[in-house]
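Raw upload-v6.txt, compact mmCIF, C-alpha atoms and all ligand atoms:
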```txt
# COMPACT_ATOMS: atom_id res chain seq x y z
CA MET A 1 0.58 184.46 52.08
CA ASP A 2 -1.77 185.51 54.88
CA ALA A 3 -4.36 186.41 52.25
CA MET A 4 -4.77 182.68 51.87
CA SER A 5 -5.71 181.76 55.40
CA ASP A 6 -9.29 181.39 56.55
CA VAL A 7 -11.03 181.97 53.23
CA ASP A 8 -14.22 180.43 51.88
CA ALA A 9 -12.84 179.90 48.40
CA ILE A 10 -9.62 179.47 46.51
CA ILE A 11 -9.79 180.52 42.87
CA VAL A 12 -7.03 179.31 40.59
CA GLY A 13 -6.25 181.81 37.81
CA ALA A 14 -6.56 185.60 37.49
CA GLY A 15 -7.84 185.74 33.91
CA PRO A 16 -11.40 186.87 33.10
CA ALA A 17 -12.89 183.70 34.67
CA GLY A 18 -11.01 183.92 37.97
CA LEU A 19 -11.68 187.66 38.32
CA SER A 20 -15.39 187.21 37.53
CA CYS A 21 -15.71 184.48 40.14
CA ALA A 22 -13.89 186.55 42.76
CA ALA A 23 -16.15 189.59 42.15
CA SER A 24 -19.35 187.50 42.08
CA MET A 25 -18.41 185.66 45.29
CA SER A 26 -17.52 188.86 47.08
CA ALA A 27 -20.95 190.29 46.10
CA LEU A 28 -22.48 187.35 48.01
CA GLY A 29 -20.28 187.88 51.06
CA LEU A 30 -17.81 185.06 50.37
CA ARG A 31 -14.10 185.60 51.03
CA ALA A 32 -12.01 184.35 48.14
CA THR A 33 -8.31 184.22 47.41
CA VAL A 34 -7.15 184.21 43.80
CA LEU A 35 -3.90 182.37 43.05
CA GLU A 36 -2.14 183.34 39.82
CA LYS A 37 1.10 181.92 38.53
CA ALA A 38 2.02 185.04 36.53
CA ASN A 39 2.91 188.41 38.02
CA ALA A 40 -0.18 190.34 36.87
CA VAL A 41 -3.87 189.83 36.07
CA ALA A 42 -4.83 188.67 32.57
CA PRO A 43 -1.34 187.53 31.52
CA VAL A 44 -2.76 185.61 28.57
CA TRP A 45 -4.33 188.75 27.08
CA ARG A 46 -1.02 190.57 27.55
CA ARG A 47 0.74 188.11 25.28
CA HIS A 48 -1.86 187.57 22.53
CA TYR A 49 -0.86 188.71 19.03
CA ASP A 50 -0.55 192.45 18.47
CA ARG A 51 -3.45 192.98 16.04
CA LEU A 52 -6.02 191.11 18.17
CA HIS A 53 -9.29 192.90 18.85
CA LEU A 54 -12.25 191.32 20.62
CA HIS A 55 -14.38 189.57 18.06
CA THR A 56 -17.38 189.76 20.40
CA ASP A 57 -18.72 193.27 20.84
CA ARG A 58 -18.00 195.23 23.99
CA GLY A 59 -21.69 195.12 25.04
CA HIS A 60 -21.51 191.32 25.26
CA SER A 61 -17.97 191.01 26.60
CA GLY A 62 -18.11 192.76 29.98
CA LEU A 63 -17.79 190.76 33.19
CA PRO A 64 -20.31 190.69 36.08
CA GLY A 65 -20.94 193.99 37.80
CA MET A 66 -18.88 196.22 35.48
CA PRO A 67 -19.63 196.68 31.77
CA MET A 68 -16.87 197.64 29.38
CA PRO A 69 -16.68 201.45 29.17
CA ARG A 70 -18.87 203.12 26.53
CA ALA A 71 -15.81 205.06 25.39
CA TYR A 72 -14.30 201.82 24.09
CA PRO A 73 -14.86 200.96 20.42
CA THR A 74 -17.36 198.21 19.53
CA TYR A 75 -14.51 195.70 19.20
CA PRO A 76 -11.83 196.86 21.65
CA PRO A 77 -8.18 196.14 20.91
CA ARG A 78 -6.20 193.74 23.09
CA ALA A 79 -4.58 196.56 25.13
CA GLN A 80 -8.01 197.87 26.14
CA VAL A 81 -9.12 194.39 27.17
CA VAL A 82 -6.07 194.23 29.45
CA GLU A 83 -6.83 197.73 30.78
CA TYR A 84 -10.45 196.74 31.42
CA LEU A 85 -9.39 193.60 33.32
CA GLU A 86 -6.89 195.59 35.42
CA ASN A 87 -9.61 198.14 36.25
CA TYR A 88 -12.05 195.33 37.00
CA ALA A 89 -9.68 193.81 39.57
CA ALA A 90 -9.03 197.24 41.13
CA HIS A 91 -12.76 198.13 41.22
CA PHE A 92 -13.65 194.94 43.10
CA ARG A 93 -10.48 195.12 45.24
CA ILE A 94 -9.32 191.74 43.99
CA GLN A 95 -5.69 191.29 44.97
CA PRO A 96 -4.48 187.98 43.56
CA VAL A 97 -1.51 186.24 45.10
CA PHE A 98 0.86 186.41 42.13
CA ASN A 99 3.81 184.21 41.16
CA THR A 100 2.04 181.25 42.74
CA THR A 101 1.52 178.11 40.69
CA VAL A 102 -1.04 175.55 41.81
CA PHE A 103 0.13 172.07 40.93
CA LYS A 104 -2.35 169.83 42.74
CA ILE A 105 -5.92 170.03 44.07
CA ALA A 106 -7.15 167.19 46.30
CA ARG A 107 -9.99 166.46 48.73
CA ASP A 108 -8.92 166.66 52.36
CA GLY A 109 -11.80 165.88 54.77
CA PRO A 110 -14.45 168.61 54.36
CA GLN A 111 -11.97 170.91 52.59
CA TRP A 112 -10.03 171.14 49.33
CA ARG A 113 -6.25 171.07 49.73
CA VAL A 114 -4.48 173.20 47.15
CA ASP A 115 -0.74 172.57 46.78
CA THR A 116 1.20 175.49 45.35
CA ASP A 117 4.89 176.00 44.69
CA LYS A 118 4.94 178.18 47.85
CA GLU A 119 2.75 176.40 50.38
CA THR A 120 -0.39 174.32 50.84
CA VAL A 121 -3.71 176.05 51.48
CA SER A 122 -7.23 174.77 52.16
CA ALA A 123 -10.79 175.99 51.73
CA PRO A 124 -14.28 174.45 51.39
CA ILE A 125 -14.63 175.89 47.86
CA VAL A 126 -12.20 175.73 44.99
CA VAL A 127 -12.69 177.13 41.49
CA VAL A 128 -10.50 176.04 38.60
CA ALA A 129 -10.31 179.05 36.28
CA THR A 130 -7.07 178.13 34.56
CA GLY A 131 -8.16 178.66 30.92
CA TRP A 132 -6.83 176.85 27.86
CA ALA A 133 -3.69 178.78 27.10
CA ASP A 134 -1.33 176.24 28.67
CA PHE A 135 -2.55 173.50 26.36
CA PRO A 136 -1.73 174.40 22.75
CA TYR A 137 -2.61 171.45 20.53
CA ARG A 138 0.21 170.55 18.11
CA PRO A 139 -0.83 167.63 15.91
CA SER A 140 2.04 165.64 14.47
CA TRP A 141 2.37 164.56 10.85
CA PRO A 142 4.83 162.14 9.31
CA GLY A 143 8.06 164.01 8.73
CA SER A 144 7.21 167.01 10.90
CA LYS A 145 10.48 166.63 12.84
CA THR A 146 12.45 166.91 9.58
CA PHE A 147 10.99 170.32 8.65
CA GLN A 148 13.86 172.81 8.62
CA GLY A 149 11.85 176.03 8.52
CA ASN A 150 10.27 177.83 11.42
CA LEU A 151 7.39 175.87 13.03
CA ILE A 152 5.29 177.54 15.75
CA HIS A 153 1.85 177.29 17.36
CA SER A 154 -0.49 180.26 16.85
CA SER A 155 -0.18 181.12 20.56
CA GLU A 156 3.48 182.06 19.88
CA TYR A 157 2.62 184.40 16.95
CA ARG A 158 2.96 188.13 17.72
CA ASN A 159 3.04 189.96 14.37
CA SER A 160 4.01 189.61 10.72
CA SER A 161 7.48 191.17 10.86
CA PRO A 162 9.56 187.94 11.19
CA TYR A 163 7.79 186.60 8.08
CA VAL A 164 8.44 189.39 5.58
CA GLY A 165 9.76 187.88 2.32
CA LYS A 166 8.90 184.33 3.45
CA ARG A 167 6.41 181.74 2.25
CA VAL A 168 4.11 181.01 5.18
CA LEU A 169 1.61 178.19 5.66
CA VAL A 170 -1.09 178.70 8.30
CA VAL A 171 -2.61 175.37 9.31
CA GLY A 172 -6.25 175.55 10.41
CA PHE A 173 -9.04 177.98 9.62
CA GLY A 174 -10.46 178.80 13.03
CA ASN A 175 -10.48 182.34 14.38
CA SER A 176 -6.76 182.44 15.14
CA GLY A 177 -5.80 180.89 11.78
CA GLY A 178 -8.09 183.24 9.87
CA GLU A 179 -6.83 186.32 11.65
CA ILE A 180 -3.14 185.40 11.44
CA ALA A 181 -3.48 184.67 7.70
CA LEU A 182 -5.15 188.08 7.30
CA ASP A 183 -2.36 189.78 9.29
CA LEU A 184 0.28 188.16 7.04
CA ALA A 185 -1.60 188.95 3.81
CA ASN A 186 -2.04 192.58 4.89
CA ALA A 187 1.76 192.76 5.08
CA ASP A 188 2.01 191.37 1.51
CA ILE A 189 3.47 188.10 2.76
CA ASP A 190 3.05 184.98 0.58
CA THR A 191 0.31 183.26 2.64
CA THR A 192 -1.35 179.87 2.24
CA LEU A 193 -4.07 178.40 4.46
CA ALA A 194 -4.31 174.62 4.91
CA VAL A 195 -7.99 173.82 5.51
CA ARG A 196 -8.66 170.15 6.14
CA GLY A 197 -12.38 169.95 6.85
CA ALA A 198 -15.61 171.81 6.35
CA VAL A 199 -15.96 175.24 7.95
CA GLN A 200 -18.72 177.47 9.23
CA ILE A 201 -18.18 181.19 8.68
CA LEU A 202 -20.11 184.12 10.13
CA PRO A 203 -19.56 187.81 9.48
CA ARG A 204 -18.28 189.15 12.82
CA ASP A 205 -21.16 191.56 13.26
CA LEU A 206 -23.64 188.68 13.24
CA LEU A 207 -22.15 186.93 16.29
CA GLY A 208 -24.21 187.05 19.44
CA PHE A 209 -27.71 188.33 19.02
CA PRO A 210 -29.92 187.24 17.45
CA ILE A 211 -27.80 184.93 15.33
CA LEU A 212 -26.98 182.43 18.06
CA GLN A 213 -29.90 183.23 20.35
CA LYS A 214 -29.56 180.90 23.30
CA SER A 215 -33.21 180.86 24.34
CA LEU A 216 -34.38 179.17 21.10
CA PRO A 217 -33.83 175.50 20.18
CA THR A 218 -30.51 174.83 18.43
CA ASP A 219 -31.88 173.57 15.12
CA LEU A 220 -34.46 176.35 14.90
CA VAL A 221 -31.73 178.99 15.39
CA ASP A 222 -29.53 177.39 12.72
CA PHE A 223 -32.52 177.02 10.34
CA ILE A 224 -33.60 180.65 10.75
CA ASN A 225 -30.08 181.96 10.30
CA ALA A 226 -28.95 179.82 7.35
CA PRO A 227 -30.26 182.16 4.59
CA VAL A 228 -28.91 185.25 6.41
CA ILE A 229 -25.47 183.68 6.65
CA ARG A 230 -25.50 182.56 3.01
CA LEU A 231 -26.42 186.05 1.92
CA ALA A 232 -23.82 187.74 4.11
CA VAL A 233 -20.94 185.33 3.45
CA GLY A 234 -21.64 184.35 -0.17
CA SER A 235 -20.44 181.18 -1.83
CA ILE A 236 -17.40 179.73 -0.09
CA GLU A 237 -17.37 176.60 -2.24
CA ARG A 238 -16.00 178.68 -5.13
CA LEU A 239 -13.06 179.60 -2.89
CA GLY A 240 -12.12 175.96 -2.37
CA LEU A 241 -13.81 175.73 1.03
CA LYS A 242 -16.48 173.30 2.15
CA ARG A 243 -19.42 174.53 4.22
CA HIS A 244 -20.00 172.50 7.37
CA ALA A 245 -23.23 170.51 7.35
CA LYS A 246 -23.92 171.53 10.95
CA GLY A 247 -25.18 175.05 11.62
CA PRO A 248 -22.97 177.30 13.79
CA ARG A 249 -24.92 176.72 16.99
CA ARG A 250 -24.92 172.92 16.63
CA MET A 251 -21.22 172.94 15.76
CA ILE A 252 -20.36 174.80 18.96
CA GLU A 253 -22.62 172.67 21.13
CA GLU A 254 -21.61 169.29 19.75
CA ASP A 255 -17.99 169.81 18.73
CA GLY A 256 -16.94 172.72 20.97
CA ARG A 257 -15.80 174.55 17.81
CA VAL A 258 -16.53 178.26 17.42
CA PRO A 259 -17.36 179.32 13.82
CA LEU A 260 -14.93 181.58 12.02
CA LEU A 261 -15.96 185.18 12.59
CA ASP A 262 -14.81 186.80 9.40
CA ILE A 263 -13.09 190.16 9.73
CA GLY A 264 -11.66 190.31 6.22
CA THR A 265 -9.99 186.95 5.60
CA LEU A 266 -12.58 185.89 3.01
CA ALA A 267 -11.98 189.05 0.98
CA LYS A 268 -8.25 188.26 0.93
CA ILE A 269 -9.01 184.71 -0.20
CA ARG A 270 -11.28 186.10 -2.93
CA ASP A 271 -8.63 188.48 -4.24
CA GLY A 272 -5.99 185.74 -4.19
CA SER A 273 -3.78 187.26 -1.46
CA ILE A 274 -4.44 184.15 0.66
CA LYS A 275 -4.30 180.81 -1.14
CA VAL A 276 -6.42 177.93 0.15
CA ARG A 277 -5.14 174.34 0.12
CA GLY A 278 -6.52 171.14 1.63
CA GLY A 279 -5.22 169.15 4.60
CA ILE A 280 -1.60 168.08 5.09
CA ASP A 281 -0.47 164.56 4.29
CA ARG A 282 3.12 164.92 5.53
CA PHE A 283 5.95 167.33 6.12
CA THR A 284 9.15 167.43 4.07
CA PRO A 285 12.42 169.17 5.08
CA ASP A 286 11.39 172.24 3.05
CA GLY A 287 7.59 172.26 3.19
CA VAL A 288 4.63 169.91 3.08
CA VAL A 289 2.81 167.47 0.84
CA PHE A 290 -0.93 168.19 0.83
CA SER A 291 -3.51 165.41 0.94
CA ASN A 292 -3.99 165.64 -2.85
CA LYS A 293 -0.24 164.76 -3.05
CA ASP A 294 0.87 168.24 -4.24
CA ALA A 295 4.21 169.18 -2.66
CA GLN A 296 4.91 172.82 -1.81
CA GLY A 297 7.82 174.63 -0.16
CA PHE A 298 7.35 176.86 2.90
CA ASP A 299 9.79 178.83 5.06
CA ALA A 300 7.50 178.95 8.06
CA ILE A 301 4.48 177.01 9.28
CA ILE A 302 2.07 178.33 11.91
CA LEU A 303 -0.15 175.74 13.58
CA ALA A 304 -3.49 177.40 14.29
CA THR A 305 -4.76 174.08 15.58
CA GLY A 306 -6.36 175.21 18.80
CA PHE A 307 -6.08 174.15 22.42
CA ARG A 308 -6.95 170.97 24.33
CA PRO A 309 -7.09 171.52 28.08
CA ASP A 310 -6.09 168.50 30.13
CA LEU A 311 -6.53 168.87 33.89
CA ARG A 312 -5.56 165.33 34.92
CA ASP A 313 -2.24 166.48 36.43
CA LEU A 314 -3.99 169.19 38.44
CA LEU A 315 -6.72 166.89 39.82
CA PRO A 316 -5.10 163.45 39.79
CA ASP A 317 -7.21 161.88 42.53
CA VAL A 318 -10.58 163.59 42.11
CA LYS A 319 -13.01 161.08 40.65
CA GLY A 320 -15.94 161.80 38.37
CA VAL A 321 -15.18 165.39 37.39
CA LEU A 322 -13.08 165.03 34.22
CA THR A 323 -13.52 163.24 30.91
CA GLN A 324 -11.02 160.52 30.02
CA ASP A 325 -8.84 163.06 28.24
CA GLY A 326 -8.90 165.52 31.11
CA LYS A 327 -11.58 168.07 30.21
CA PRO A 328 -14.13 169.07 32.86
CA LEU A 329 -17.39 167.17 32.50
CA VAL A 330 -19.25 170.39 33.29
CA THR A 331 -18.27 174.03 33.60
CA GLY A 332 -20.15 176.71 35.52
CA GLN A 333 -22.20 174.12 37.40
CA ALA A 334 -22.04 171.85 40.44
CA THR A 335 -19.63 168.95 39.90
CA ASN A 336 -19.23 165.56 41.53
CA GLY A 337 -16.70 167.20 43.86
CA PRO A 338 -18.57 169.00 46.68
CA GLY A 339 -17.59 172.68 46.47
CA LEU A 340 -15.42 172.16 43.37
CA TYR A 341 -16.22 174.24 40.27
CA PHE A 342 -14.75 174.92 36.84
CA CYS A 343 -15.27 178.25 35.13
CA GLY A 344 -14.90 179.13 31.45
CA LEU A 345 -13.58 175.84 30.21
CA ILE A 346 -16.02 174.99 27.42
CA ALA A 347 -16.63 176.92 24.15
CA SER A 348 -19.80 178.99 24.16
CA PRO A 349 -22.26 179.82 21.37
CA THR A 350 -22.56 183.44 22.44
CA GLY A 351 -18.96 184.31 23.25
CA GLN A 352 -16.67 182.97 25.91
CA LEU A 353 -16.43 186.15 27.99
CA ARG A 354 -20.19 186.44 28.19
CA GLU A 355 -20.42 182.77 29.17
CA ILE A 356 -17.70 183.24 31.79
CA GLY A 357 -19.78 186.00 33.39
CA LEU A 358 -22.89 183.82 33.48
CA GLU A 359 -20.94 180.89 34.89
CA ALA A 360 -19.25 183.02 37.54
CA ARG A 361 -22.58 184.30 38.85
CA ARG A 362 -23.95 180.76 38.94
CA ILE A 363 -20.86 179.40 40.69
CA ALA A 364 -21.02 182.17 43.30
CA GLY A 365 -24.67 181.30 44.05
CA LEU A 366 -23.87 177.59 44.34
CA ALA A 367 -20.83 178.29 46.51
CA ARG A 368 -22.83 180.56 48.84
CA ARG A 369 -25.46 177.85 49.30
CA TYR A 370 -22.81 175.19 49.84
CA VAL A 371 -21.00 177.20 52.53
CA ASP A 372 -24.31 177.97 54.29
CA GLN A 373 -25.38 174.31 54.22
CA GLU A 374 -22.02 173.16 55.62
CA ALA A 375 -22.25 175.76 58.38
CA SER A 376 -25.80 174.70 59.35
CA SER A 377 -24.91 170.99 59.31
CA LEU A 378 -22.13 171.74 61.82
CA GLY A 379 -24.80 173.15 64.07
C1 LIG B 401 -6.80 184.65 20.46
C2 LIG B 401 -8.04 184.59 21.29
C3 LIG B 401 -9.04 185.55 21.13
C4 LIG B 401 -10.22 185.51 21.89
N1 LIG B 401 -11.18 186.47 21.70
C5 LIG B 401 -12.34 186.39 22.39
C6 LIG B 401 -13.37 187.35 22.16
O1 LIG B 401 -13.26 188.24 21.33
N2 LIG B 401 -14.50 187.23 22.89
C7 LIG B 401 -14.71 186.26 23.80
O2 LIG B 401 -15.77 186.22 24.43
N3 LIG B 401 -13.74 185.33 24.03
C8 LIG B 401 -12.57 185.38 23.35
N4 LIG B 401 -11.60 184.42 23.57
C9 LIG B 401 -11.90 183.30 24.49
C10 LIG B 401 -11.79 183.64 26.02
O3 LIG B 401 -12.64 184.69 26.36
C11 LIG B 401 -10.40 184.01 26.45
O4 LIG B 401 -9.51 182.96 26.14
C12 LIG B 401 -10.34 184.32 27.98
O5 LIG B 401 -9.09 184.86 28.29
C13 LIG B 401 -10.58 183.09 28.84
O6 LIG B 401 -10.49 183.49 30.19
P1 LIG B 401 -10.03 182.49 31.32
O7 LIG B 401 -9.95 183.27 32.58
O8 LIG B 401 -10.90 181.29 31.27
O9 LIG B 401 -8.60 181.99 30.87
P2 LIG B 401 -7.20 182.76 30.78
O10 LIG B 401 -7.38 184.14 30.29
O11 LIG B 401 -6.32 181.83 30.03
O12 LIG B 401 -6.73 182.85 32.31
C14 LIG B 401 -6.34 181.71 33.04
C15 LIG B 401 -5.37 182.17 34.11
O13 LIG B 401 -5.03 181.07 34.93
C16 LIG B 401 -3.64 181.12 35.23
N5 LIG B 401 -3.22 179.75 35.55
C17 LIG B 401 -3.29 178.68 34.74
N6 LIG B 401 -2.86 177.57 35.38
C18 LIG B 401 -2.51 177.97 36.63
C19 LIG B 401 -1.99 177.27 37.75
N7 LIG B 401 -1.76 175.95 37.73
N8 LIG B 401 -1.73 177.97 38.91
C20 LIG B 401 -1.97 179.32 38.94
N9 LIG B 401 -2.47 180.03 37.88
C21 LIG B 401 -2.74 179.35 36.75
C22 LIG B 401 -3.03 181.66 33.94
O14 LIG B 401 -1.75 182.21 34.16
C23 LIG B 401 -4.07 182.69 33.53
O15 LIG B 401 -3.82 183.96 34.09
C24 LIG B 401 -10.41 184.47 22.85
C25 LIG B 401 -9.40 183.51 23.00
C26 LIG B 401 -8.24 183.56 22.25
C27 LIG B 401 -7.18 182.48 22.44
```

Would you mind writing the structure in this file as structure tokens?
Ligand SMILES: Cc1cc2nc3c(=O)[nH]c(=O)nc-3n(C[C@H](O)[C@H](O)[C@H](O)COP(=O)(O)OP(=O)(O)OC[C@H]3O[C@@H](n4cnc5c(N)ncnc54)[C@H](O)[C@@H]3O)c2cc1C
Amino acid sequence: MDAMSDVDAIIVGAGPAGLSCAASMSALGLRATVLEKANAVAPVWRRHYDRLHLHTDRGHSGLPGMPMPRAYPTYPPRAQVVEYLENYAAHFRIQPVFNTTVFKIARDGPQWRVDTDKETVSAPIVVVATGWADFPYRPSWPGSKTFQGNLIHSSEYRNSSPYVGKRVLVVGFGNSGGEIALDLANADIDTTLAVRGAVQILPRDLLGFPILQKSLPTDLVDFINAPVIRLAVGSIERLGLKRHAKGPRRMIEEDGRVPLLDIGTLAKIRDGSIKVRGGIDRFTPDGVVFSNKDAQGFDAIILATGFRPDLRDLLPDVKGVLTQDGKPLVTGQATNGPGLYFCGLIASPTGQLREIGLEARRIAGLARRYVDQEASSLG
């Protein structure tokens, strides 16, 4: 692991965030090593479900220094996202150290000590770009251990084929839940969506600009866009859904929840191919009881209940950088740890990939200044 010695920065993770940080740092003359526990870049995009396409358009999804190719469609499929990320790493000559899991980051004098399953390495800068994928959130309900059907988290879903002829409940109406329900309904599978709370839905083509325009105040953006959204989405109350009182921008900023970007799920709800039910009260051996006390049988339940990153195990002794439940206090900015940064770890109003690019550039600038200041203070 010679690539690890004498570097300015250690970047943990070779997904979009880690690659963006490596490219942005290299542009400012910093030497960075990327540590990745898998055996290739972008492993999370390699294992997403088959039908996944970007729901942000290619023009707003490219990483710093290399836009997505014009030959790609507006919403590239998963395989092209992987191809783009492979080409991105090759273009910027980023050669991650693969099969290397970081299990602890700690302050060690003027450096950060990074313990991996291979060896311990140190650098003045460390960037945590580990994403959310390792933290699927699986809420538990009374009786959920007694359920005898197939129970998975959305991150384990690949395609509809194991569910043909089955009654499937998808729990949660975020982007994964909406798209998985659509995938099942397209395959004529008996599909029900459990939707507990109020939702905010945007037609996919309205994401980004100007709908969530970052430069304007949050409430003004939501106020301006409300009639456009109502016109484009129509009445969702008639479909058994409740519209969230907060506008999309406020919902992302305050709750970290990205609105549902509709790519056809609403049409399937309208034509009855996807049935909408309320929240779940409890599980039974052969299904669930909904909060209105209706019992219904299901053969499979897919929890599209999101992710909750918790970095306490990775940074057990670093004070003042994480919330009580282990999320970074800030991402893409200076932290209370000198030279320690997080990239891409908070939901963004204008698309996570775009935000990752902005954060990476900012982190590279901060890191460059930090390294220069340390060098000048040493004389
Ligand atoms: C289904 C889905 C669809 C999405 N679609 C879009 C979209 O259309 N547009 C958009 O802008 N955003 C989208 N996102 C959000 C976001 O852009 C992606 O999740 C993106 O992959 C995040 O990049 P990342 O580098 O932060 O995390 P990841 O891609 O998860 O990469 C993190 C990397 O860190 C590695 N790692 C983790 N822990 C360790 C460790 N301890 N040691 C070593 N390596 C480690 C992992 O193996 C992984 O390679 C989507 C997310 C999901 C889940």

All residues having an atom within 8 Å of ligand LIG 401 (chain B) (all atoms listed in the file) as a PyMOL selection string: chain A and resi 12-19+35-38+40-45+48-49+52-57+60-61+75+99-104+116+129-134+155+175-176+314+343-345+347+350-356

Stretch 164-168 of chain A environment, 10 Å, only C-alpha atoms, sequence neighbours closer than 3 positions dropped, as a ChimeraX atom specification: /A:149-151,160-161,171,181,184-185,187-193,287,296-302

Practice task
Please identify all polymer residues lying at most 7 Å from the point (-29.2, 172.6, 11.3) (file coordinates), using all atoms listed in the file, and present the result as number ranges by chain.
Solution key: A: 219, 222-223, 246-247, 250

Inset, instruction - Please identify all polymer residues within 12 Å of A:Leu266, counting all atoms listed in the file, omitting same-chain residues fewer than 6 positions from it, and present them as a ChimeraX atom specification. - result: /A:173,178-179,181-182,185,193,201-204,232-241,260,272-276

Coordinates-based distance that separates atom CA of A:Lys327 from atom CA of A:Arg308 (Å, one decimal) =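 Distance between the two atoms: 8.0 Å.
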
Between atom CA of A:Asn87 and atom CA of A:Ile180, what is the distance, to one decimal in Å?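 Separation of atom CA of A:Asn87 and atom CA of A:Ile180: 28.6 Å.
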
Review point. By how many Å are atom CA of A:Gln111 and atom CA of A:Phe135 apart?
Key: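 Atom CA of A:Phe135 lies at a distance of 28.0 Å from atom CA of A:Gln111.
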
**Report entry** Selection as a list in words: residues within 12 Å of (-9.7, 198.1, 20.8), counting only C-alpha atoms
**Finding:**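 Residues satisfying the cut-off, written out: Asp50, Arg51, Leu52, His53, Leu54, His55, Thr56, Asp57, Arg58, Met68, Pro69, Arg70, Ala71, Tyr72, Pro73, Thr74, Tyr75, Pro76, Pro77, Arg78, Ala79, Gln80, Val81, Val82, Glu83 and Tyr84 of chain A.
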
Surrounding residues of A:Leu63 excluding itself and chain neighbours under 2 positions, 7 Å, only C-alpha atoms, as a ChimeraX atom specification: /A:20,61,65-67,357

Worksheet item: Any idea what's packed within 6 Å of A:Ala198, counting all atoms listed in the file, ignoring anything in its chain fewer than 6 positions away? Could you give it as JSON, numbers by chain?
Response: {"A": [242, 243, 244]}

Counting all atoms listed in the file, which residue out of A:Leu216, A:Leu378, A:Ala367, A:Met251 sits closest to A:Val199?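 Smallest distance to A:Val199 is found for A:Met251.
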